[in-house]
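Report on the structure given below.
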Amino acid sequence: MNWKRWGFLIWCAVAMSCGAPLRAQVRQSPPAMGIPESPALVGDTTALALEAQGWLMNLVKINTTNPPGNEQQAANYIASILTKEGITPEVLDLTPGRSAVVARLRSSAVPDPSRALLLVAHMDVVGVERSKWSVDPFGGVIKEGYLYGRGTIDDKGMLAANLAAFIALKRGNVHINRDVIFLATADKEQFGDASLKILIAKYWDKLAAGFAVNEGGIVVMKGGKVQYVGLQVAEKVSVNIAVTAKGKGGHASMPTKDNPVVHLTAAVDKIANYTAPVRLTSIVRRYFEGLSAIEDDETAKWMRVIDTPDRGEHAQRVISDMSPMWNSMMRDTIAPTMLQAGVRPNVIPSEAKAVLNVRLLPEDTVDVLLNNLNKLVNDPAVRLEVMSDSGLAAPNSSMETEFYGLLTKVCAKEFGGAPVLPLLSPGATDSAQLRLHNVQAYGLWPFPLNEEDLSRVHGEDERIPLASFAKGVDLMTRIVTEFSVTH
Ligand SMILES: [Zn+2]
């Protein structure tokens, strides 16, 4: 996902009146872990979080930059942790050097996949520009209350928190009423030969679940307080369109009107000025409705009338201008991302190409958009074609399931009543694959993060506040335990 967009969103928001301070560090003693029988289902998780912090640090030190990924070493490390706990993991090989890890806590002899809960996180990370980092991105450096390193947030932080929640359940030795499955995936950042799609095709019986929690959501922090929690229930669909202009090549000293570079740039210019119409999905309506309760008066005023016949259109324009993410949540978007033409300064090429990255709202089809763009470009020298690497259109996860209800309840309780809102994410995650297999998948990075830290994801000096990591471990442990013990 392009998490820099999140940063912009938070920058646009204003501190709200009700929110919970970050409390992860205040629980000091006793450092018991696991799940006592009574009175609370989950006890103090301080020691567990510290242990998980060590796992996270070691995972950061295993360089899983994708490409090439090399997730096998991380998979073996995770498998060794699980084995020590008396759990039998399976390392599932995908391509040479690339594996996933799966492990299961059973509720009964005969599994019921429709009830099972799947905890998903990916082991691979995006690359780094080392010269721009102030620390070794694969050193696992702790500095001033932060753990630095590529993947500390995306997604090794979640991987370690999932592992901690899973192990806490095992250590608690309580009767669970649904299977809980831990899954560490590979190749998320490239969606290639070792991705979840391939894993599902080869090993679905080992992963099949009715519910999942994955990356994609967020706990938005501002001024040391949690402002709101966004649970991802749907995502936009990424489609690439190739724009090709053809013409007569020749010597640049005698230019003609059919120079493909000129036709292409004119087409891209027209496309760049096109704005697709707004379509408010039920998720986005609920999101703005919830957000209007905590936004400043001016923003809230527009959010409240966003769907009204008289002021809706103006409100949509105002909201779109406030945040690229809000704009993207309301309409299909088009971003020209690549240009290719020419071999020499003095030669007019016979062909010029551009790529448009389109993000479709769920349920929109690319044909309608393509038709509109063709009319707009209106140039016989220019052809628009959908490329073969399109993302998947998946159904939304339901906002009515017992798991969605539980996530909402636990998050609100843990963050002092902060609103919990459904999210349609502009970026893509593995959850689309899961939703296509009837899994009710919800996105949540459980760590309270502010704009500054979110802007570092996929960028330089990625880091996670240790207190936020501990809070995330605590939250995941409560979610997983409550859902598998009492529901
Ligand atoms: Zn990720």
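Just so we're on the same page: first chain in the structure tokens is A, next is B, and so on; residues restart at 1 for each chain, and ligands are numbered from 1 in the order they show up.
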
Nearby residues, ligand 1, 7 Å, only C-alpha atoms and all ligand atoms, as an mmCIF file with C-alpha atoms, in the first residue's frame:
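Result file follows (result-v3.cif):
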```cif
data_model
loop_
_atom_site.group_PDB
_atom_site.id
_atom_site.type_symbol
_atom_site.label_atom_id
_atom_site.label_comp_id
_atom_site.auth_asym_id
_atom_site.auth_seq_id
_atom_site.Cartn_x
_atom_site.Cartn_y
_atom_site.Cartn_z
ATOM 1 C CA MET A 1 0.000 0.000 0.000
ATOM 2 C CA HIS A 122 3.957 -11.215 5.221
ATOM 3 C CA ASP A 154 5.249 -3.289 7.343
ATOM 4 C CA ASP A 155 4.808 -6.130 8.057
ATOM 5 C CA LYS A 188 3.364 -9.874 -0.829
ATOM 6 C CA GLU A 189 5.236 -6.850 -2.166
ATOM 7 C CA GLU A 215 -2.529 -5.753 7.399
#
```

Which residues are near Leu196 in chain A? Cut-off 9 Å, only C-alpha atoms, ignore same chain within fewer than 5 positions. Put them as a list in words.
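Here the qualifying residues turn out to be Ala100, Thr185, Ala186, Asp187, Lys188, Phe191, Ala201, Asp430, Gln433 and Leu434 of chain A.
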
Create the file for the chosen residues now, containing C-alpha atoms and written as an mmCIF file, in the first residue's frame.
```cif
data_model
loop_
_atom_site.group_PDB
_atom_site.id
_atom_site.type_symbol
_atom_site.label_atom_id
_atom_site.label_comp_id
_atom_site.auth_asym_id
_atom_site.auth_seq_id
_atom_site.Cartn_x
_atom_site.Cartn_y
_atom_site.Cartn_z
ATOM 1 C CA ALA A 100 5.639 -19.753 3.926
ATOM 2 C CA THR A 185 3.392 -15.404 3.794
ATOM 3 C CA ALA A 186 6.000 -14.561 1.151
ATOM 4 C CA ASP A 187 6.069 -12.314 -1.905
ATOM 5 C CA LYS A 188 3.364 -9.874 -0.829
ATOM 6 C CA PHE A 191 2.370 -10.564 -5.845
ATOM 7 C CA ALA A 201 -3.654 -22.855 -5.026
ATOM 8 C CA ASP A 430 -3.450 -10.076 0.290
ATOM 9 C CA GLN A 433 -7.180 -13.259 -2.321
ATOM 10 C CA LEU A 434 -8.740 -14.357 0.942
#
```

Can you tell me, as a ChimeraX atom specification, what residues are no more than 12 Å from Arg478 in chain A when counting only C-alpha atoms, ignoring any on the same chain fewer than 3 positions away?
/A:34-35,40-45,161-162,164-166,168-169,406-407,409-411,413-414,446,471-475,481-486

Would you export the selected residues with C-alpha atoms as a PDB file, in the first residue's frame, please?
```
ATOM      1  CA  GLY A  34      -0.343 -15.932  28.989  1.00  0.00           C
ATOM      2  CA  ILE A  35      -3.941 -16.422  29.903  1.00  0.00           C
ATOM      3  CA  ALA A  40      -9.589 -11.815  33.191  1.00  0.00           C
ATOM      4  CA  LEU A  41      -9.150 -13.870  30.047  1.00  0.00           C
ATOM      5  CA  VAL A  42      -5.843 -12.153  29.225  1.00  0.00           C
ATOM      6  CA  GLY A  43      -3.479 -11.045  31.952  1.00  0.00           C
ATOM      7  CA  ASP A  44      -0.580  -8.643  31.803  1.00  0.00           C
ATOM      8  CA  THR A  45       1.193  -8.909  28.447  1.00  0.00           C
ATOM      9  CA  ALA A 161       2.400  -9.526  17.143  1.00  0.00           C
ATOM     10  CA  ASN A 162       0.437 -12.347  15.468  1.00  0.00           C
ATOM     11  CA  ALA A 164       2.807 -13.537  20.194  1.00  0.00           C
ATOM     12  CA  ALA A 165      -1.015 -13.733  20.215  1.00  0.00           C
ATOM     13  CA  PHE A 166      -0.877 -17.277  18.820  1.00  0.00           C
ATOM     14  CA  ALA A 168      -0.158 -16.771  24.241  1.00  0.00           C
ATOM     15  CA  LEU A 169      -3.192 -18.834  23.312  1.00  0.00           C
ATOM     16  CA  LEU A 406     -15.664  -8.310  18.288  1.00  0.00           C
ATOM     17  CA  LEU A 407     -12.895  -6.290  16.618  1.00  0.00           C
ATOM     18  CA  LYS A 409     -15.702  -3.902  20.679  1.00  0.00           C
ATOM     19  CA  VAL A 410     -12.142  -4.807  21.697  1.00  0.00           C
ATOM     20  CA  CYS A 411     -10.521  -1.893  19.822  1.00  0.00           C
ATOM     21  CA  LYS A 413     -12.367  -0.759  24.804  1.00  0.00           C
ATOM     22  CA  GLU A 414      -8.583  -0.803  24.475  1.00  0.00           C
ATOM     23  CA  PRO A 446      -2.715  -2.973  15.720  1.00  0.00           C
ATOM     24  CA  LYS A 471       0.213  -2.145  22.709  1.00  0.00           C
ATOM     25  CA  GLY A 472      -0.227  -4.000  19.403  1.00  0.00           C
ATOM     26  CA  VAL A 473       0.879  -7.290  20.967  1.00  0.00           C
ATOM     27  CA  ASP A 474      -1.588  -6.720  23.798  1.00  0.00           C
ATOM     28  CA  LEU A 475      -4.429  -5.884  21.407  1.00  0.00           C
ATOM     29  CA  THR A 481      -8.150 -14.987  22.754  1.00  0.00           C
ATOM     30  CA  GLU A 482     -11.603 -13.461  23.082  1.00  0.00           C
ATOM     31  CA  PHE A 483     -12.682 -14.654  19.665  1.00  0.00           C
ATOM     32  CA  SER A 484     -11.449 -18.209  20.088  1.00  0.00           C
ATOM     33  CA  VAL A 485     -12.422 -18.738  23.730  1.00  0.00           C
ATOM     34  CA  THR A 486     -15.703 -16.945  24.298  1.00  0.00           C
TER      35      THR A 486
END
```

Which range 208-258 of chain A residues have any atom within 12 Å of an atom of range 329-338 of chain A, and for each, what is the nearest pair of atoms with distance in Å to one decimal, counting only C-alpha atoms, rows sorted by chain and number, as JSON lines?
```
{"residue": "A:Ala234", "atom": "CA", "partner": "A:Met329", "partner_atom": "CA", "distance": 10.5}
{"residue": "A:Glu235", "atom": "CA", "partner": "A:Met329", "partner_atom": "CA", "distance": 9.2}
{"residue": "A:Lys236", "atom": "CA", "partner": "A:Met329", "partner_atom": "CA", "distance": 8.2}
{"residue": "A:Val237", "atom": "CA", "partner": "A:Asp332", "partner_atom": "CA", "distance": 9.3}
{"residue": "A:Ser238", "atom": "CA", "partner": "A:Thr333", "partner_atom": "CA", "distance": 9.8}
{"residue": "A:Val239", "atom": "CA", "partner": "A:Ile334", "partner_atom": "CA", "distance": 9.4}
{"residue": "A:Asn240", "atom": "CA", "partner": "A:Ile334", "partner_atom": "CA", "distance": 9.2}
{"residue": "A:Ile241", "atom": "CA", "partner": "A:Pro336", "partner_atom": "CA", "distance": 9.2}
{"residue": "A:Ala242", "atom": "CA", "partner": "A:Met338", "partner_atom": "CA", "distance": 9.4}
{"residue": "A:Val243", "atom": "CA", "partner": "A:Pro336", "partner_atom": "CA", "distance": 9.6}
{"residue": "A:Thr244", "atom": "CA", "partner": "A:Met338", "partner_atom": "CA", "distance": 11.7}
```

Selection file, all heavy atoms, as a PDB file, in the first residue's frame:
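out-v9.pdb, written as the output of this step:
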```pdb
ATOM      1  N   ALA A 234     -12.496  -3.585   2.725  1.00  0.00           N
ATOM      2  CA  ALA A 234     -12.507  -3.687   1.260  1.00  0.00           C
ATOM      3  C   ALA A 234     -11.309  -2.923   0.716  1.00  0.00           C
ATOM      4  O   ALA A 234     -10.732  -2.094   1.414  1.00  0.00           O
ATOM      5  CB  ALA A 234     -13.787  -3.084   0.699  1.00  0.00           C
ATOM      6  N   GLU A 235     -10.930  -3.224  -0.509  1.00  0.00           N
ATOM      7  CA  GLU A 235      -9.829  -2.486  -1.112  1.00  0.00           C
ATOM      8  C   GLU A 235     -10.105  -2.222  -2.580  1.00  0.00           C
ATOM      9  O   GLU A 235     -10.873  -2.937  -3.232  1.00  0.00           O
ATOM     10  CB  GLU A 235      -8.508  -3.232  -0.936  1.00  0.00           C
ATOM     11  CG  GLU A 235      -8.497  -4.640  -1.470  1.00  0.00           C
ATOM     12  CD  GLU A 235      -7.219  -5.397  -1.070  1.00  0.00           C
ATOM     13  OE1 GLU A 235      -6.932  -5.474   0.129  1.00  0.00           O
ATOM     14  OE2 GLU A 235      -6.540  -5.899  -1.968  1.00  0.00           O
ATOM     15  N   LYS A 236      -9.480  -1.164  -3.083  1.00  0.00           N
ATOM     16  CA  LYS A 236      -9.649  -0.850  -4.498  1.00  0.00           C
ATOM     17  C   LYS A 236      -8.851  -1.855  -5.349  1.00  0.00           C
ATOM     18  O   LYS A 236      -7.988  -2.563  -4.846  1.00  0.00           O
ATOM     19  CB  LYS A 236      -9.211   0.588  -4.769  1.00  0.00           C
ATOM     20  CG  LYS A 236     -10.164   1.598  -4.117  1.00  0.00           C
ATOM     21  CD  LYS A 236      -9.786   3.017  -4.446  1.00  0.00           C
ATOM     22  CE  LYS A 236     -10.313   3.453  -5.804  1.00  0.00           C
ATOM     23  NZ  LYS A 236      -9.935   4.869  -6.096  1.00  0.00           N
ATOM     24  N   VAL A 237      -9.183  -1.866  -6.618  1.00  0.00           N
ATOM     25  CA  VAL A 237      -8.568  -2.842  -7.519  1.00  0.00           C
ATOM     26  C   VAL A 237      -7.608  -2.120  -8.461  1.00  0.00           C
ATOM     27  O   VAL A 237      -7.989  -1.150  -9.126  1.00  0.00           O
ATOM     28  CB  VAL A 237      -9.658  -3.573  -8.340  1.00  0.00           C
ATOM     29  CG1 VAL A 237      -9.032  -4.647  -9.211  1.00  0.00           C
ATOM     30  CG2 VAL A 237     -10.700  -4.161  -7.412  1.00  0.00           C
ATOM     31  N   SER A 238      -6.388  -2.604  -8.499  1.00  0.00           N
ATOM     32  CA  SER A 238      -5.362  -1.986  -9.336  1.00  0.00           C
ATOM     33  C   SER A 238      -5.397  -2.570 -10.747  1.00  0.00           C
ATOM     34  O   SER A 238      -5.350  -3.786 -10.928  1.00  0.00           O
ATOM     35  CB  SER A 238      -3.993  -2.249  -8.692  1.00  0.00           C
ATOM     36  OG  SER A 238      -2.967  -1.757  -9.515  1.00  0.00           O
ATOM     37  N   VAL A 239      -5.511  -1.697 -11.750  1.00  0.00           N
ATOM     38  CA  VAL A 239      -5.507  -2.129 -13.163  1.00  0.00           C
ATOM     39  C   VAL A 239      -4.552  -1.214 -13.926  1.00  0.00           C
ATOM     40  O   VAL A 239      -4.600   0.007 -13.757  1.00  0.00           O
ATOM     41  CB  VAL A 239      -6.925  -2.005 -13.784  1.00  0.00           C
ATOM     42  CG1 VAL A 239      -6.904  -2.375 -15.262  1.00  0.00           C
ATOM     43  CG2 VAL A 239      -7.921  -2.885 -13.040  1.00  0.00           C
ATOM     44  N   ASN A 240      -3.691  -1.795 -14.740  1.00  0.00           N
ATOM     45  CA  ASN A 240      -2.799  -0.969 -15.559  1.00  0.00           C
ATOM     46  C   ASN A 240      -3.299  -0.889 -16.990  1.00  0.00           C
ATOM     47  O   ASN A 240      -3.772  -1.876 -17.560  1.00  0.00           O
ATOM     48  CB  ASN A 240      -1.380  -1.540 -15.535  1.00  0.00           C
ATOM     49  CG  ASN A 240      -0.753  -1.406 -14.163  1.00  0.00           C
ATOM     50  OD1 ASN A 240      -0.937  -0.389 -13.483  1.00  0.00           O
ATOM     51  ND2 ASN A 240      -0.039  -2.427 -13.724  1.00  0.00           N
ATOM     52  N   ILE A 241      -3.221   0.320 -17.539  1.00  0.00           N
ATOM     53  CA  ILE A 241      -3.625   0.526 -18.940  1.00  0.00           C
ATOM     54  C   ILE A 241      -2.409   1.031 -19.719  1.00  0.00           C
ATOM     55  O   ILE A 241      -1.730   1.964 -19.281  1.00  0.00           O
ATOM     56  CB  ILE A 241      -4.776   1.557 -19.031  1.00  0.00           C
ATOM     57  CG1 ILE A 241      -6.044   0.984 -18.373  1.00  0.00           C
ATOM     58  CG2 ILE A 241      -5.050   1.958 -20.481  1.00  0.00           C
ATOM     59  CD1 ILE A 241      -7.234   1.934 -18.384  1.00  0.00           C
ATOM     60  N   ALA A 242      -2.129   0.376 -20.858  1.00  0.00           N
ATOM     61  CA  ALA A 242      -1.045   0.820 -21.736  1.00  0.00           C
ATOM     62  C   ALA A 242      -1.610   1.803 -22.755  1.00  0.00           C
ATOM     63  O   ALA A 242      -2.635   1.539 -23.369  1.00  0.00           O
ATOM     64  CB  ALA A 242      -0.424  -0.378 -22.439  1.00  0.00           C
ATOM     65  N   VAL A 243      -0.947   2.916 -22.898  1.00  0.00           N
ATOM     66  CA  VAL A 243      -1.335   3.912 -23.905  1.00  0.00           C
ATOM     67  C   VAL A 243      -0.225   3.917 -24.960  1.00  0.00           C
ATOM     68  O   VAL A 243       0.936   4.153 -24.638  1.00  0.00           O
ATOM     69  CB  VAL A 243      -1.443   5.329 -23.282  1.00  0.00           C
ATOM     70  CG1 VAL A 243      -1.988   6.322 -24.303  1.00  0.00           C
ATOM     71  CG2 VAL A 243      -2.303   5.313 -22.024  1.00  0.00           C
ATOM     72  N   THR A 244      -0.598   3.614 -26.199  1.00  0.00           N
ATOM     73  CA  THR A 244       0.417   3.548 -27.264  1.00  0.00           C
ATOM     74  C   THR A 244       0.055   4.504 -28.391  1.00  0.00           C
ATOM     75  O   THR A 244      -1.056   4.455 -28.920  1.00  0.00           O
ATOM     76  CB  THR A 244       0.520   2.117 -27.830  1.00  0.00           C
ATOM     77  OG1 THR A 244       0.622   1.214 -26.735  1.00  0.00           O
ATOM     78  CG2 THR A 244       1.720   1.947 -28.730  1.00  0.00           C
TER      79      THR A 244
END
```

Could you pull the residues within 10 Å of Gly145 in chain A, counting only C-alpha atoms, minus those fewer than 6 positions along the same chain, as a short mmCIF file (atom, residue, chain, number, x, y, z; two decimals) with N, CA, C and O atoms, in the first residue's frame?
```cif
data_model
loop_
_atom_site.label_atom_id
_atom_site.label_comp_id
_atom_site.auth_asym_id
_atom_site.auth_seq_id
_atom_site.Cartn_x
_atom_site.Cartn_y
_atom_site.Cartn_z
N ARG A 463 10.49 2.82 11.38
CA ARG A 463 10.69 2.52 12.81
C ARG A 463 9.34 2.31 13.48
O ARG A 463 8.32 2.83 13.02
N ILE A 464 9.36 1.58 14.58
CA ILE A 464 8.12 1.41 15.34
C ILE A 464 8.38 1.86 16.78
O ILE A 464 9.41 1.48 17.36
N PRO A 465 7.50 2.69 17.35
CA PRO A 465 7.68 3.03 18.77
C PRO A 465 7.49 1.75 19.59
O PRO A 465 6.53 1.02 19.38
N LEU A 466 8.41 1.49 20.52
CA LEU A 466 8.33 0.24 21.28
C LEU A 466 7.03 0.17 22.09
O LEU A 466 6.45 -0.91 22.25
N ALA A 467 6.58 1.31 22.58
CA ALA A 467 5.33 1.32 23.34
C ALA A 467 4.14 0.94 22.44
O ALA A 467 3.23 0.23 22.86
N SER A 468 4.16 1.39 21.18
CA SER A 468 3.08 1.06 20.24
C SER A 468 3.14 -0.43 19.88
O SER A 468 2.11 -1.08 19.73
#
```

Pull the closest atom pair for each residue of range 404-433 of chain A that gets at most 10 Å from range 315-327 of chain A, along with the distance in Å to one decimal, counting only C-alpha atoms, ordering rows by chain and then ascending residue number, as JSON lines.
```
{"residue": "A:Leu424", "atom": "CA", "partner": "A:Trp326", "partner_atom": "CA", "distance": 9.8}
{"residue": "A:Ser425", "atom": "CA", "partner": "A:Met325", "partner_atom": "CA", "distance": 8.4}
{"residue": "A:Pro426", "atom": "CA", "partner": "A:Met325", "partner_atom": "CA", "distance": 7.1}
{"residue": "A:Gly427", "atom": "CA", "partner": "A:Met325", "partner_atom": "CA", "distance": 9.8}
```

Determine, counting only C-alpha atoms, which protein, DNA and RNA residues have an atom within 10 Å of an atom of Arg130 in chain A; residues of the same chain fewer than 5 positions away are not included. Present the result as a ChimeraX atom specification.
/A:135-138,460-461

Using the chain letters and numbers from this document, which residues of range 49-203 of chain A does DSSP assign to strand (DSSP E), as a ChimeraX atom specification?
/A:90-95,98-105,117-122,142-143,146-148,180-185

Excluding range 48-62 of chain A and any residue of its chain fewer than 5 positions from it, enumerate the residues within 7 Å of it, using only C-alpha atoms, and give them as a tab-separated table (two decimals) with N, CA, C and O atoms, in the first residue's frame.
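New file result_2.tsv:
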```
chain	number	residue	atom	x	y	z
A	33	MET	N	2.65	-13.76	32.04
A	33	MET	CA	2.17	-13.74	30.66
A	33	MET	C	1.17	-14.86	30.46
A	33	MET	O	0.93	-15.66	31.35
A	74	ALA	N	13.64	-16.60	7.16
A	74	ALA	CA	12.68	-16.05	8.13
A	74	ALA	C	11.66	-17.13	8.50
A	74	ALA	O	11.27	-17.26	9.67
A	138	PHE	N	18.94	-3.18	8.38
A	138	PHE	CA	18.79	-4.59	8.76
A	138	PHE	C	19.58	-4.90	10.03
A	138	PHE	O	20.01	-6.03	10.26
A	139	GLY	N	19.80	-3.86	10.84
A	139	GLY	CA	20.60	-4.02	12.05
A	139	GLY	C	19.77	-4.26	13.31
A	139	GLY	O	20.32	-4.62	14.34
A	140	GLY	N	18.46	-4.00	13.26
A	140	GLY	CA	17.62	-4.15	14.45
A	140	GLY	C	18.03	-3.17	15.56
A	140	GLY	O	18.15	-3.53	16.72
A	149	GLY	N	14.25	-0.17	11.45
A	149	GLY	CA	14.59	-1.21	10.48
A	149	GLY	C	13.48	-1.40	9.45
A	149	GLY	O	12.32	-1.10	9.72
A	150	ARG	N	13.89	-1.89	8.28
A	150	ARG	CA	12.91	-2.16	7.24
A	150	ARG	C	11.98	-3.27	7.71
A	150	ARG	O	12.45	-4.34	8.12
A	151	GLY	N	10.69	-3.01	7.65
A	151	GLY	CA	9.70	-4.02	8.03
A	151	GLY	C	9.23	-3.91	9.48
A	151	GLY	O	8.35	-4.66	9.89
A	152	THR	N	9.80	-2.97	10.26
A	152	THR	CA	9.39	-2.90	11.67
A	152	THR	C	7.89	-2.64	11.78
A	152	THR	O	7.24	-3.13	12.70
A	156	LYS	N	6.65	-6.94	9.43
A	156	LYS	CA	7.24	-7.84	10.43
A	156	LYS	C	6.73	-7.51	11.83
A	156	LYS	O	6.68	-8.38	12.70
A	157	GLY	N	6.35	-6.24	12.04
A	157	GLY	CA	5.74	-5.87	13.32
A	157	GLY	C	4.48	-6.68	13.56
A	157	GLY	O	4.27	-7.27	14.62
A	160	ALA	N	5.24	-10.43	14.16
A	160	ALA	CA	5.66	-10.73	15.54
A	160	ALA	C	4.47	-10.63	16.50
A	160	ALA	O	4.36	-11.44	17.43
A	161	ALA	N	3.58	-9.67	16.27
A	161	ALA	CA	2.40	-9.53	17.14
A	161	ALA	C	1.45	-10.72	16.97
A	161	ALA	O	0.91	-11.24	17.95
A	164	ALA	N	2.97	-13.66	18.74
A	164	ALA	CA	2.81	-13.54	20.19
A	164	ALA	C	1.38	-13.92	20.61
A	164	ALA	O	1.19	-14.65	21.59
A	470	ALA	N	4.25	-2.81	21.82
A	470	ALA	CA	3.74	-3.55	22.99
A	470	ALA	C	2.21	-3.47	23.05
A	470	ALA	O	1.53	-4.46	23.34
A	473	VAL	N	0.81	-5.90	20.49
A	473	VAL	CA	0.88	-7.29	20.97
A	473	VAL	C	-0.28	-7.54	21.93
A	473	VAL	O	-0.98	-8.56	21.85
```

From a DSSP pass on the backbone, collect the residues of range 189-416 of chain A flagged as alpha helix (DSSP H) and hand them back as an MDAnalysis selection string.
chainID A and resid 196:207 260:272 282:291 297:304 312:322 324:330 366:377 402:414

Could you dump the residues just selected with C-alpha atoms as a compact mmCIF listing (two decimals), in the first residue's frame?
```
# COMPACT_ATOMS: atom_id res chain seq x y z
CA LEU A 196 -0.53 -15.98 -1.30
CA LYS A 197 -2.33 -16.69 -4.57
CA ILE A 198 0.09 -19.55 -5.29
CA LEU A 199 0.03 -20.67 -1.65
CA ILE A 200 -3.77 -20.91 -1.77
CA ALA A 201 -3.65 -22.85 -5.03
CA LYS A 202 -1.20 -25.39 -3.57
CA TYR A 203 -2.13 -25.63 0.10
CA TRP A 204 -5.65 -24.27 0.62
CA ASP A 205 -6.67 -27.13 2.95
CA LYS A 206 -3.98 -25.99 5.40
CA LEU A 207 -5.17 -22.37 5.41
CA PRO A 260 3.87 9.86 -31.72
CA VAL A 261 5.59 11.67 -28.82
CA VAL A 262 3.30 14.64 -29.37
CA HIS A 263 0.17 12.48 -29.71
CA LEU A 264 1.05 10.54 -26.58
CA THR A 265 1.73 13.56 -24.40
CA ALA A 266 -1.50 15.22 -25.57
CA ALA A 267 -3.43 12.07 -24.65
CA VAL A 268 -1.75 11.80 -21.23
CA ASP A 269 -2.50 15.46 -20.60
CA LYS A 270 -6.21 14.97 -21.33
CA ILE A 271 -6.31 11.87 -19.12
CA ALA A 272 -4.52 13.67 -16.28
CA SER A 282 -21.83 1.97 2.01
CA ILE A 283 -18.40 1.53 3.63
CA VAL A 284 -17.27 5.02 2.70
CA ARG A 285 -20.56 6.54 3.86
CA ARG A 286 -20.10 4.88 7.24
CA TYR A 287 -16.47 5.97 7.39
CA PHE A 288 -17.26 9.66 6.84
CA GLU A 289 -20.23 9.49 9.15
CA GLY A 290 -18.01 8.14 11.96
CA LEU A 291 -15.17 10.52 11.19
CA ASP A 297 -16.23 21.69 12.79
CA GLU A 298 -15.48 22.77 9.21
CA THR A 299 -14.47 19.29 7.98
CA ALA A 300 -17.28 17.60 9.91
CA LYS A 301 -19.85 19.96 8.40
CA TRP A 302 -18.97 18.80 4.87
CA MET A 303 -18.72 15.14 5.85
CA ARG A 304 -22.25 15.22 7.24
CA GLY A 312 -23.51 16.71 -1.67
CA GLU A 313 -21.66 17.62 -4.82
CA HIS A 314 -19.95 20.63 -3.29
CA ALA A 315 -19.13 18.66 -0.14
CA GLN A 316 -17.53 15.88 -2.22
CA ARG A 317 -15.32 18.44 -3.94
CA VAL A 318 -14.23 20.00 -0.64
CA ILE A 319 -13.48 16.61 0.94
CA SER A 320 -11.60 15.41 -2.17
CA ASP A 321 -9.39 18.49 -2.09
CA MET A 322 -8.57 17.95 1.60
CA PRO A 324 -5.73 12.38 -1.71
CA MET A 325 -6.87 9.35 0.27
CA TRP A 326 -10.38 10.64 0.79
CA ASN A 327 -10.51 11.51 -2.92
CA SER A 328 -9.39 8.00 -3.82
CA MET A 329 -12.00 6.43 -1.52
CA MET A 330 -14.82 8.12 -3.46
CA VAL A 366 -12.51 -1.05 -16.23
CA ASP A 367 -14.55 -1.18 -19.49
CA VAL A 368 -16.67 1.81 -18.49
CA LEU A 369 -13.60 3.87 -17.61
CA LEU A 370 -11.76 2.77 -20.76
CA ASN A 371 -14.71 3.82 -22.88
CA ASN A 372 -14.72 7.27 -21.24
CA LEU A 373 -10.98 7.67 -21.76
CA ASN A 374 -11.17 6.65 -25.41
CA LYS A 375 -13.85 9.28 -26.03
CA LEU A 376 -11.77 11.84 -24.21
CA VAL A 377 -8.51 11.11 -26.07
CA GLU A 402 -19.39 -11.70 14.81
CA PHE A 403 -15.70 -11.11 14.20
CA TYR A 404 -16.23 -7.56 12.93
CA GLY A 405 -18.38 -6.94 16.02
CA LEU A 406 -15.66 -8.31 18.29
CA LEU A 407 -12.89 -6.29 16.62
CA THR A 408 -14.98 -3.15 17.04
CA LYS A 409 -15.70 -3.90 20.68
CA VAL A 410 -12.14 -4.81 21.70
CA CYS A 411 -10.52 -1.89 19.82
CA ALA A 412 -12.97 0.63 21.31
CA LYS A 413 -12.37 -0.76 24.80
CA GLU A 414 -8.58 -0.80 24.48
```

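The list of residues with at least one atom within 7 Å of Trp445 in chain A, based on only C-alpha atoms and without residues fewer than 5 positions apart in the same chain, reads Met158, Glu215, Gly216, Gly217, Ile218 and Val219 of chain A.
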
Taking only C-alpha atoms into account, name the residue in A:Val141, A:Ala184, A:Val226, A:Leu392 that is nearest to Val420 in chain A.
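Counting only C-alpha atoms, the residue closest to Val420 in chain A is A:Val226.
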
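Residue nearest Arg115 in chain A within the list A:Arg178, A:Arg311, A:His437, A:Arg98: A:Arg178 [criterion: smallest interatomic distance, only C-alpha atoms].
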